[in-house]
Amino acid sequence: LLHDWLDASEIGIRLTENGMMQPHASVSGLMFAHPASRYFAIGRIGEDQLADYAARRGFTPDEMRKYLAANL
């Protein structure tokens, strides 16, 4: 549907019988925005926050560390 709506074949994008887009670097999507939206980033977290979050998720701090490596 999106492929047809955007007439993607005009710029060389085609779909396989399984719905994969070719060439492989092709990307599509729908973006939605709202004027009251707020975006934020999660910065560094402390060991106390790691331990608290891990406990709430049912993990040990060491297990959770691999998922949050970018924030430690």
# chains A, B, ... in the order shown; residues from 1 in each chain; ligands from 1
$ select_by_dssp --residues "chain A" --states "alpha helix (DSSP H)" --output "PyMOL selection string"
chain A and resi 2-6+47-57+61-67
$ write_last_selection --atoms "C-alpha atoms" --output "short mmCIF file (atom, residue, chain, number, x, y, z; two decimals), in the first residue's frame"
data_model
loop_
_atom_site.label_atom_id
_atom_site.label_comp_id
_atom_site.auth_asym_id
_atom_site.auth_seq_id
_atom_site.Cartn_x
_atom_site.Cartn_y
_atom_site.Cartn_z
CA LEU A 2 2.69 2.51 1.01
CA HIS A 3 4.77 1.47 -2.01
CA ASP A 4 1.86 2.23 -4.35
CA TRP A 5 0.89 5.41 -2.53
CA LEU A 6 4.40 6.84 -2.83
CA GLU A 47 24.61 2.41 39.98
CA ASP A 48 21.66 3.02 42.31
CA GLN A 49 19.36 3.64 39.33
CA LEU A 50 20.72 0.54 37.57
CA ALA A 51 20.07 -1.62 40.65
CA ASP A 52 16.57 -0.20 41.12
CA TYR A 53 15.60 -0.67 37.47
CA ALA A 54 17.06 -4.18 37.35
CA ALA A 55 15.08 -5.18 40.45
CA ARG A 56 11.85 -3.81 38.99
CA ARG A 57 12.45 -5.73 35.75
CA PRO A 61 22.30 -5.56 37.94
CA ASP A 62 24.93 -7.49 35.96
CA GLU A 63 22.30 -8.87 33.57
CA MET A 64 20.76 -5.43 33.10
CA ARG A 65 24.17 -3.83 32.54
CA LYS A 66 24.44 -5.38 29.04
CA TYR A 67 21.13 -3.80 28.00
#
$ select_by_dssp --residues "chain A" --states "strand (DSSP E)" --output "MDAnalysis selection string"
chainID A and resid 14:15 21:22
$ write_last_selection --atoms "C-alpha atoms" --output "tab-separated table (two decimals), in the first residue's frame"
chain	number	residue	atom	x	y	z
A	14	ARG	CA	10.57	-2.45	-5.96
A	15	LEU	CA	8.96	-5.05	-3.73
A	21	MET	CA	12.08	-3.66	-0.53
A	22	GLN	CA	14.91	-3.65	-3.05
